[in-house]
Every structure is written in structure tokens, then in C-alpha cells.
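Shown here: start_31.txt, compact mmCIF, C-alpha atoms.
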```txt
# COMPACT_ATOMS: atom_id res chain seq x y z
CA MET A 1 8.20 30.24 -16.67
CA LEU A 2 11.82 29.23 -16.08
CA ARG A 3 13.05 32.34 -17.80
CA SER A 4 10.90 34.65 -15.72
CA ALA A 5 11.67 32.75 -12.53
CA PHE A 6 15.41 33.04 -12.96
CA SER A 7 15.55 36.55 -14.37
CA GLY A 8 17.42 35.47 -17.49
CA ARG A 9 20.71 35.17 -15.62
CA CYS A 10 20.96 31.45 -15.57
CA ALA A 11 22.53 28.76 -17.70
CA PHE A 12 20.70 25.47 -18.04
CA ILE A 13 21.88 21.97 -18.82
CA HIS A 14 19.29 19.50 -20.03
CA VAL A 15 20.39 15.90 -19.53
CA VAL A 16 18.84 13.43 -21.93
CA ARG A 17 19.13 9.67 -21.60
CA ASN A 18 18.00 6.77 -23.74
CA PRO A 19 14.35 6.23 -22.75
CA ILE A 20 14.79 2.48 -22.38
CA GLY A 21 17.56 3.12 -19.85
CA VAL A 22 15.32 5.58 -18.03
CA VAL A 23 12.41 3.14 -17.91
CA ASN A 24 14.71 0.31 -16.82
CA SER A 25 15.90 2.50 -13.97
CA VAL A 26 12.56 3.90 -12.85
CA VAL A 27 10.69 0.58 -12.73
CA ARG A 28 13.29 -0.62 -10.22
CA SER A 29 12.88 2.37 -7.92
CA ASP A 30 10.32 2.53 -5.14
CA TRP A 31 8.52 5.45 -6.76
CA GLY A 32 7.26 6.28 -10.22
CA PRO A 33 5.65 3.89 -12.69
CA SER A 34 6.14 0.21 -12.08
CA GLY A 35 5.17 -1.17 -15.51
CA TYR A 36 7.35 -0.89 -18.61
CA LEU A 37 4.61 0.59 -20.78
CA ARG A 38 3.56 2.99 -18.07
CA GLY A 39 7.22 3.97 -17.82
CA ALA A 40 7.32 4.68 -21.54
CA HIS A 41 4.31 7.03 -21.28
CA TRP A 42 5.79 8.61 -18.18
CA TRP A 43 9.07 9.31 -20.02
CA THR A 44 7.19 10.67 -23.05
CA ASP A 45 5.25 13.10 -20.84
CA HIS A 46 8.37 14.22 -19.01
CA LEU A 47 10.46 14.70 -22.12
CA SER A 48 7.69 16.67 -23.80
CA ALA A 49 7.57 18.96 -20.78
CA CYS A 50 11.36 19.28 -20.80
CA LEU A 51 11.39 20.13 -24.50
CA ALA A 52 8.73 22.78 -23.95
CA SER A 53 10.94 24.31 -21.22
CA GLU A 54 13.98 24.01 -23.47
CA ARG A 55 12.23 26.03 -26.17
CA GLU A 56 11.54 28.73 -23.61
CA ILE A 57 15.18 28.96 -22.54
CA ALA A 58 16.63 28.45 -25.99
CA GLY A 59 20.06 29.99 -26.22
CA ASP A 60 20.84 29.47 -22.55
CA CYS A 61 20.42 25.72 -22.57
CA LEU A 62 22.96 23.02 -23.34
CA ARG A 63 21.60 19.58 -24.13
CA LEU A 64 23.81 16.81 -22.86
CA SER A 65 23.52 13.12 -23.62
CA PHE A 66 23.93 10.91 -20.56
CA GLU A 67 25.38 8.09 -22.65
CA SER A 68 27.99 10.36 -24.24
CA LEU A 69 28.86 11.82 -20.86
CA ILE A 70 29.70 8.50 -19.28
CA THR A 71 31.37 6.92 -22.28
CA GLU A 72 33.35 9.97 -23.49
CA THR A 73 33.58 11.74 -20.15
CA GLU A 74 36.68 13.82 -20.82
CA ASP A 75 35.49 15.19 -24.16
CA GLN A 76 32.00 15.95 -22.90
CA LEU A 77 33.25 17.68 -19.76
CA ALA A 78 35.62 19.75 -21.85
CA SER A 79 32.76 20.90 -24.06
CA VAL A 80 30.58 21.66 -21.02
CA SER A 81 33.42 23.65 -19.50
CA GLN A 82 33.91 25.61 -22.70
CA TRP A 83 30.18 26.30 -23.01
CA LEU A 84 29.97 27.45 -19.40
CA ASP A 85 33.00 29.70 -19.69
CA THR A 86 31.63 31.52 -22.72
CA HIS A 87 28.04 31.45 -21.59
CA THR A 88 28.52 32.80 -18.08
CA VAL A 89 30.37 35.77 -19.53
CA GLN A 90 27.53 36.36 -21.99
CA LEU A 91 25.02 36.21 -19.14
CA GLY A 92 26.98 38.75 -17.17
CA ILE A 93 27.86 36.29 -14.43
CA SER A 94 31.36 36.66 -13.09
CA ALA A 95 33.71 34.09 -14.53
CA TYR A 96 33.86 30.92 -12.55
CA ASP A 97 36.98 30.84 -10.46
CA ALA A 98 37.72 27.17 -10.14
CA ASP A 99 41.31 27.78 -9.05
CA MET A 100 40.08 29.75 -6.09
CA LEU A 101 38.14 26.73 -4.96
CA GLY A 102 41.15 24.57 -5.68
CA ARG A 103 39.11 21.60 -6.72
CA ARG A 104 39.75 21.42 -10.43
CA GLY A 105 40.92 18.01 -11.49
CA ARG A 106 39.44 16.03 -8.63
CA PRO A 107 39.28 12.37 -9.56
CA TYR A 108 35.86 11.12 -10.46
CA MET A 109 34.52 7.65 -10.97
CA VAL A 110 32.14 6.69 -13.69
CA ASN A 111 30.99 3.35 -15.00
CA PRO A 112 30.59 3.53 -18.78
CA ASP A 113 28.77 0.19 -18.77
CA ARG A 114 25.70 1.93 -17.35
CA ALA A 115 25.09 3.47 -20.78
CA VAL A 116 23.88 0.16 -22.14
CA ALA A 117 23.10 -1.72 -18.93
CA TRP A 118 19.44 -1.92 -19.92
CA GLN A 119 20.36 -4.33 -22.72
CA THR A 120 21.23 -7.00 -20.17
CA GLU A 121 19.02 -5.95 -17.28
CA MET A 122 15.74 -5.58 -19.10
CA PRO A 123 13.86 -8.59 -20.49
CA ALA A 124 13.99 -8.83 -24.28
CA TYR A 125 10.19 -8.72 -24.63
CA ALA A 126 10.07 -5.43 -22.72
CA GLN A 127 12.82 -3.96 -24.88
CA ARG A 128 10.91 -4.91 -28.05
CA ALA A 129 7.69 -3.43 -26.69
CA LEU A 130 9.35 -0.20 -25.58
CA MET A 131 11.04 0.24 -28.93
CA GLN A 132 7.58 0.15 -30.45
CA ALA A 133 5.86 2.24 -27.79
CA ILE A 134 8.29 5.17 -27.73
CA PRO A 135 7.67 7.59 -30.61
CA PRO A 136 10.79 7.64 -32.83
CA ALA A 137 10.10 11.30 -33.66
CA LEU A 138 10.58 12.19 -30.02
CA THR A 139 13.83 10.26 -29.62
CA SER A 140 15.28 11.63 -32.83
CA SER A 141 14.33 15.18 -31.80
CA VAL A 142 16.69 14.92 -28.83
CA GLY A 143 19.43 13.16 -30.77
CA ILE A 144 18.90 9.67 -29.44
CA PRO A 145 19.79 7.26 -32.23
CA GLY A 146 16.93 5.15 -33.53
CA TRP A 147 16.73 1.40 -33.17
CA PRO A 148 15.52 -1.36 -35.42
CA VAL A 149 11.94 -2.01 -34.39
CA THR A 150 11.01 -5.66 -34.11
CA ARG A 151 7.29 -6.20 -33.95
CA ALA A 152 6.18 -7.32 -30.50
CA THR A 153 4.66 -10.78 -30.64
CA ALA A 154 1.40 -11.90 -29.02
CA ALA A 155 3.50 -13.58 -26.32
CA ASP A 156 5.28 -10.27 -25.66
CA VAL A 157 1.94 -8.50 -25.28
CA MET A 158 0.66 -11.13 -22.86
CA ARG A 159 3.84 -10.90 -20.77
CA LEU A 160 3.59 -7.11 -20.71
CA ILE A 161 -0.03 -7.27 -19.57
CA GLY A 162 1.04 -9.69 -16.84
CA GLN A 163 3.94 -7.45 -15.83
CA ASN A 164 1.63 -4.42 -15.68
CA LEU A 165 -0.85 -6.33 -13.53
CA ILE A 166 1.92 -7.44 -11.18
CA GLY A 167 3.16 -3.84 -11.05
CA ALA A 168 -0.30 -2.51 -10.22
CA THR A 169 -0.76 -5.18 -7.54
CA LYS A 170 2.64 -4.35 -6.12
CA GLU A 171 1.70 -0.67 -5.90
CA ARG A 172 -1.56 -1.51 -4.16
CA THR A 173 0.17 -3.95 -1.81
CA SER A 174 2.85 -1.45 -0.87
CA ASP A 175 0.15 1.17 -0.21
CA ARG A 176 -1.69 -1.28 2.06
CA LEU A 177 1.54 -2.28 3.79
CA ARG A 178 2.50 1.35 4.31
CA TYR A 179 -0.93 2.05 5.80
CA ARG A 180 -0.65 -0.93 8.18
CA LEU A 181 2.85 0.02 9.26
CA ARG A 182 1.83 3.62 9.90
CA ARG A 183 -1.22 2.45 11.85
CA ARG A 184 0.92 0.10 13.94
CA ALA A 185 3.45 2.88 14.62
CA ARG A 186 0.63 5.23 15.62
CA LEU A 187 -0.83 2.69 18.02
CA ARG A 188 2.60 1.98 19.47
CA ALA A 189 3.20 5.71 19.97
CA VAL A 190 -0.12 6.03 21.78
CA ALA A 191 0.79 3.07 24.00
CA VAL A 192 4.20 4.54 24.79
CA ARG A 193 2.65 7.91 25.56
CA ARG A 194 0.16 6.27 27.95
CA THR A 195 2.97 4.36 29.66
CA LEU A 196 4.99 7.53 30.07
CA ARG A 197 2.05 9.40 31.53
CA SER A 198 1.42 6.73 34.15
CA PRO A 199 4.74 4.96 34.78
CA GLY A 200 3.48 3.30 37.93
CA ARG A 201 0.77 1.35 36.16
CA ARG A 202 2.95 -1.34 34.64
CA MET B 1 20.59 21.16 -14.48
CA GLY B 2 17.47 19.30 -15.30
CA GLY B 3 15.83 16.53 -17.22
CA CYS B 4 13.51 13.61 -16.85
CA PRO B 5 14.04 11.86 -13.50
CA ARG B 6 16.45 8.90 -13.73
CA SER B 7 18.19 10.51 -16.70
CA GLY B 8 21.52 10.96 -14.97
CA THR B 9 21.13 14.50 -13.62
CA THR B 10 22.80 13.49 -10.37
CA VAL B 11 25.82 11.87 -11.98
CA THR B 12 26.09 14.78 -14.39
CA GLY B 13 26.12 17.20 -11.48
CA GLU B 14 28.77 15.20 -9.72
CA LEU B 15 30.96 14.91 -12.81
CA VAL B 16 30.64 18.53 -13.79
CA GLY B 17 31.20 19.62 -10.23
CA GLN B 18 34.20 17.43 -9.64
CA ALA B 19 35.81 18.16 -12.96
CA LEU B 20 35.10 21.88 -13.01
CA GLY B 21 35.26 22.53 -9.30
CA GLY B 22 31.80 23.80 -8.60
CA GLN B 23 29.01 22.91 -6.26
CA VAL B 24 25.56 21.60 -6.91
CA VAL B 25 22.79 22.37 -4.52
CA PRO B 26 20.50 19.68 -3.18
CA GLU B 27 17.27 18.88 -4.94
CA SER B 28 14.89 21.78 -4.95
CA GLN B 29 11.53 20.50 -6.12
CA PHE B 30 9.90 22.96 -3.76
CA LYS B 31 10.41 25.65 -6.36
CA ASN B 32 8.34 23.62 -8.84
CA ALA B 33 5.44 23.85 -6.39
CA LEU B 34 6.05 27.58 -6.02
CA LEU B 35 6.04 28.04 -9.77
CA ASN B 36 3.08 25.76 -10.46
CA GLN B 37 0.90 27.15 -7.70
CA GLN B 38 2.02 30.71 -8.44
CA LEU B 39 2.92 31.33 -4.82
CA TRP B 40 4.51 34.72 -4.50
CA ARG B 41 3.32 35.84 -1.08
CA LYS B 42 5.39 35.10 1.98
CA VAL B 43 2.34 33.89 3.91
CA ASP B 44 1.75 31.21 1.26
CA ILE B 45 5.39 30.28 0.75
CA ILE B 46 6.35 29.67 4.38
CA PRO B 47 3.80 26.89 5.10
CA MET B 48 4.69 25.18 1.83
CA LEU B 49 8.43 25.25 2.56
CA THR B 50 8.06 24.03 6.13
CA ARG B 51 6.34 20.90 4.79
CA SER B 52 8.84 20.28 2.01
CA THR B 53 11.36 17.47 2.55
CA PRO B 54 13.71 18.68 -0.23
CA PHE B 55 13.81 22.07 1.47
CA LEU B 56 14.86 20.42 4.74
CA LEU B 57 17.83 18.93 2.87
CA TRP B 58 19.17 22.43 2.32
CA ASP B 59 19.62 22.75 6.06
CA VAL B 60 19.18 26.51 6.17
CA GLY B 61 16.52 26.66 8.89
CA PHE B 62 13.35 28.69 8.71
CA ASP B 63 14.26 31.89 10.50
CA PHE B 64 15.36 33.73 7.38
CA LEU B 65 11.93 33.21 5.82
CA HIS B 66 10.36 35.67 8.21
CA GLU B 67 12.79 38.37 7.15
CA LEU B 68 11.88 38.09 3.47
CA PRO B 69 9.70 40.73 1.81
CA ASP B 70 5.97 40.07 1.78
CA SER B 71 5.92 39.40 -1.92
CA LEU B 72 8.80 37.68 -3.68
CA GLY B 73 9.68 35.60 -6.71
CA VAL B 74 11.37 32.25 -6.93
CA ALA B 75 14.64 33.83 -8.05
CA THR B 76 14.75 36.05 -4.96
CA LEU B 77 14.03 33.12 -2.73
CA MET B 78 16.69 30.92 -4.35
CA ASP B 79 19.25 33.73 -4.27
CA THR B 80 18.57 34.24 -0.58
CA ILE B 81 19.02 30.56 0.17
CA ALA B 82 22.15 30.48 -1.96
CA LEU B 83 23.66 33.36 -0.02
CA LEU B 84 22.90 31.60 3.24
CA LYS B 85 24.84 28.58 2.02
CA THR B 86 27.75 30.50 0.57
CA PRO B 87 30.75 30.28 2.88
CA THR B 88 32.80 33.39 3.42
CA GLY B 89 35.31 33.97 0.64
CA MET B 90 33.42 32.03 -1.99
CA PRO B 91 32.24 33.77 -5.16
CA ILE B 92 28.61 34.81 -4.78
CA PRO B 93 27.09 32.63 -7.51
CA SER B 94 28.52 29.53 -5.88
CA ILE B 95 26.40 27.60 -3.50
CA HIS B 96 28.27 25.46 -1.09
CA CYS B 97 25.89 22.80 -0.08
CA ARG B 98 25.82 19.16 0.70
CA SER B 99 24.38 16.36 -1.28
CA HIS B 100 22.67 16.53 -4.60
CA ALA B 101 19.89 14.03 -4.37
CA VAL B 102 18.00 12.28 -1.63
CA GLU B 103 19.40 8.88 -2.56
CA HIS B 104 22.92 10.27 -2.23
CA ALA B 105 22.38 11.83 1.15
CA SER B 106 25.14 9.66 2.60
CA ARG B 107 27.62 11.49 0.41
CA TRP B 108 27.28 14.74 2.29
CA ASN B 109 29.84 17.35 1.39
CA ALA B 110 30.44 15.92 -2.05
CA PRO B 111 32.01 18.78 -3.94
CA VAL B 112 29.65 18.57 -6.83
CA GLY B 113 27.93 21.05 -8.92
CA LEU B 114 27.76 24.09 -10.90
CA PHE B 115 27.74 27.83 -10.13
CA GLY B 116 24.45 28.15 -8.41
CA ALA B 117 22.64 25.91 -10.82
CA MET B 118 19.67 24.04 -9.57
CA ARG B 119 18.34 20.68 -10.39
CA ILE B 120 15.11 21.14 -12.20
CA HIS B 121 13.15 18.01 -12.79
CA SER B 122 10.16 18.08 -14.99
CA ARG B 123 7.97 16.73 -12.20
CA ARG B 124 4.74 18.61 -12.29
```

Rewritten as C-alpha cells:
Amino acid sequence: MLRSAFSGRCAFIHVVRNPIGVVNSVVRSDWGPSGYLRGAHWWTDHLSACLASEREIAGDCLRLSFESLITETEDQLASVSQWLDTHTVQLGISAYDADMLGRRGRPYMVNPDRAVAWQTEMPAYAQRALMQAIPPALTSSVGIPGWPVTRATAADVMRLIGQNLIGATKERTSDRLRYRLRRRARLRAVAVRRTLRSPGRR
Amino acid sequence: MGGCPRSGTTVTGELVGQALGGQVVPESQFKNALLNQQLWRKVDIIPMLTRSTPFLLWDVGFDFLHELPDSLGVATLMDTIALLKTPTGMPIPSIHCRSHAVEHASRWNAPVGLFGAMRIHSRR
């Protein structure tokens, strides 16, 4: 679908990140799955879809590891630059004139600690459970190094169930809260409109 | 540029853009809806785009939509938008646009990106 949509004249970069880092990030956001295990399934679904797309655009797609990019930024950017230079010519796209834009070499900031931030930010029980829940075949297929799997204990499972329940409750609560806030805003808008229509009443 | 959400597509865009001197366009999930729902007719595309928040981020207005052909593909649509955002003197494949992602909207005018590449999440 991507190939047909972009007429074959497009270069793609597929960014892949350690799934535990992804889950650690998404459970903290105000959208997406809120439980660790749900996050693992969510990542699995997404990566499978991405890999299916990658097969379709094979040859025009560069897979880039997020961890490598932020820990070995210079080397990775050099390889991306080289790939783009050769690939755009192959695709028949005019060579990218960075000098014309005059922006080459702009300073950039990157925090390499983010590559392994999940190790300190995520509870150990969740890390153990995710390492078990995420299929190693999938991680190895995208070049993410494997990890030693420690069997999740009964206590880990109980904590995960608790965390999932809290997550589900949080989702429901935020839905209810959103509904109440919208309702209040609607009522306030109606009141304001009425006041504006008849300013002499108050 | 694509990948699973929260995989670092934004930071990658910024790094690649800043280091290589390109631009990255804002998020464009609206094209996922176009592709998934197989919307090729202008009458179907316009209502969908007018409701799309990511499309509003592009800040290109809606007038040009009425001048498009009755039947068009995603590539034509994206090319048209790209041309609208290409300042005079820039190479055609470049898209000069503002931020990359909604959460980075405060960083308008960040010179990030990549020759007309688009952020393609696997959101379905």
C-alpha cells in the first residue's frame, strides 16, 4: 500500500526501539495502553504491522535503531546521510542540496541516557514480565539484542494484575472526567450565550 | 520516517534534519485514514481532512482542496500540500514546515526533517 501510495519515489526510514523502552514511554503518556502487558501486546501488533510494511518497501527502507542513534549519533547520522545520498539518486530524486539550505552542521542535543532510561524508571517486576511477554523472535528479527529472561514470580503476576486494574480504572475515570468537563463547558457556553442574547436581564 | 509510536521517530527526524539540513513535515496520520478507507474521491477526502487535527497542523488552509481533481491518490495530495509549503527557491522535494509532532508544537520552525519524507506511524 505504501509503495502504491508513494509511486515508488520515496525513501523510508523505519525507527526501531527496544520494546521495554517503548512500553515505559507509552504507559506514561495520556493516550495508548496504560498497563505494561497491554503495552507489550500493543508494541507487538505495531511492530508486526511495521515489518509487513517494511517487506513491501524492501530496498527503499533503512532500519535505524533508536538506541544506536542516540548513543552513537555521529556514526549513525553519517550512515543515514550516505544511504540517503546514494538512495535518492537511485530513486531519481534530485540530490539533496544541503548547502543551499545552509543548515548543515547545526548543533543538536541528544541525551544518550534515554536509551536505557527504562532500566531505572520501570519497576523491576514489570521489566521481568515484559521480558517474558515479548516474543524473542520478534525482537531478534529487528536486531534488538536479547535479554536474560528471569521467570516472573507469583508476586510479579499479582502486581501486574493490580497495575492493569489500576490502569483500566484510570482510563475509565479519565473518560468520566472528560465527559463531565465537556458537559460543564457546554452548559457554561449555553449560559454565556443566553446572557449575551439578553444582556439586560442580569 | 516511521515506526511504532514512542519509538523515537520525532527525535530521529530532528537529528537527521538538523545534521543533514532538511525539513520534516508535521505528523500526517490523515493519510493513514485515506489509505485505510480507500478514499480517492475529492468529495470523500475534503470532509475527512477538515475534521483532522494533524492536517490543521500543516497550516495550509482548505481552499486548495477545491481545486484538486475529482479523483486523486495520496501521493498527489501529499505532493500538492508539499508544494504549498515549499518556499520560493527551495528544491521541490523539500517541505518547509513547522513542527514534527503534536507534543513538540511549541518548537515551531524547528529545521528538522528529510526531503519530503513523512512520518508514517503504524496506527491503524

Skip segment 44-54 of chain B itself and residues of its chain fewer than 2 positions away, then list as a tab-separated table (two decimals) with C-alpha atoms, in the coordinates of the input all residues within 8 Å of it, counting only C-alpha atoms.
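Saved as selection_34.tsv:
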```
chain	number	residue	atom	x	y	z
B	26	PRO	CA	20.50	19.68	-3.18
B	27	GLU	CA	17.27	18.88	-4.94
B	28	SER	CA	14.89	21.78	-4.95
B	29	GLN	CA	11.53	20.50	-6.12
B	30	PHE	CA	9.90	22.96	-3.76
B	34	LEU	CA	6.05	27.58	-6.02
B	39	LEU	CA	2.92	31.33	-4.82
B	40	TRP	CA	4.51	34.72	-4.50
B	41	ARG	CA	3.32	35.84	-1.08
B	42	LYS	CA	5.39	35.10	1.98
B	56	LEU	CA	14.86	20.42	4.74
B	57	LEU	CA	17.83	18.93	2.87
B	58	TRP	CA	19.17	22.43	2.32
B	62	PHE	CA	13.35	28.69	8.71
B	65	LEU	CA	11.93	33.21	5.82
B	102	VAL	CA	18.00	12.28	-1.63
```

For Val142 of chain A, work out the shell of residues within 10 Å, counting all atoms listed in the file and skipping chain neighbours fewer than 5 positions away, then give it as a ChimeraX atom specification. /A:16-18,47,51,63-65,137

Out of A:Ser53, A:Ser68, A:Ser34, A:Asn24, which residue has the shortest atom-to-atom distance to Ile144 of chain A when counting only C-alpha atoms? A:Ser68

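If you measure from each of B:Gly61, B:Gly73, B:Pro5, B:Gly13 to Trp42 of chain A using all atoms listed in the file, the closest one turns out to be B:Pro5.
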
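Rounded to one decimal, atom CA of Arg151 of chain A and atom CA of Ile134 of chain A lie 13.0 Å from each other.
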
Please provide as a VMD selection string all residues within 10 Å of Val157 of chain A, with the sequence filter that same-chain residues fewer than 6 positions apart are discarded (counting only C-alpha atoms). chain A and resid 125 to 126 129 163

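Proximity of A:Ala49, A:Leu165, A:Met158, A:Ala124 to chain B, computed with only C-alpha atoms, is greatest for A:Ala49.
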
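Shortest atom-to-atom contact with chain B among A:Arg183, A:Arg28, A:His46, A:Arg114: A:His46, counting only C-alpha atoms.
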
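Within the 10 Å cut-off around Ile20 of chain A, using only C-alpha atoms and omitting residues fewer than 3 positions from it on the same chain, the listed residues are Arg17, Val23, Asn24, Ser25, Val26, Tyr36, Gly39, Ala40, Trp43, Val116, Ala117, Trp118, Gln119, Met122, Ala126, Gln127, Leu130, Met131 and Ile134 of chain A.
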
When distances are computed from only C-alpha atoms, which of A:Arg128, A:Arg55, A:His41, A:His14 shows the smallest separation from chain B? A:His14

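Picture a line from atom CA of Leu84 of chain B to atom CA of Leu77 of chain A; it runs 28.8 Å.
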
Atom CA of Gly3 of chain B to atom CA of Leu62 of chain A: how many Å, to one decimal? 11.4 Å

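With all atoms listed in the file as the atoms that count, the residue of A:Pro145, A:Pro19, A:Gly59, A:Pro123 with the shortest distance to chain B is A:Pro19.
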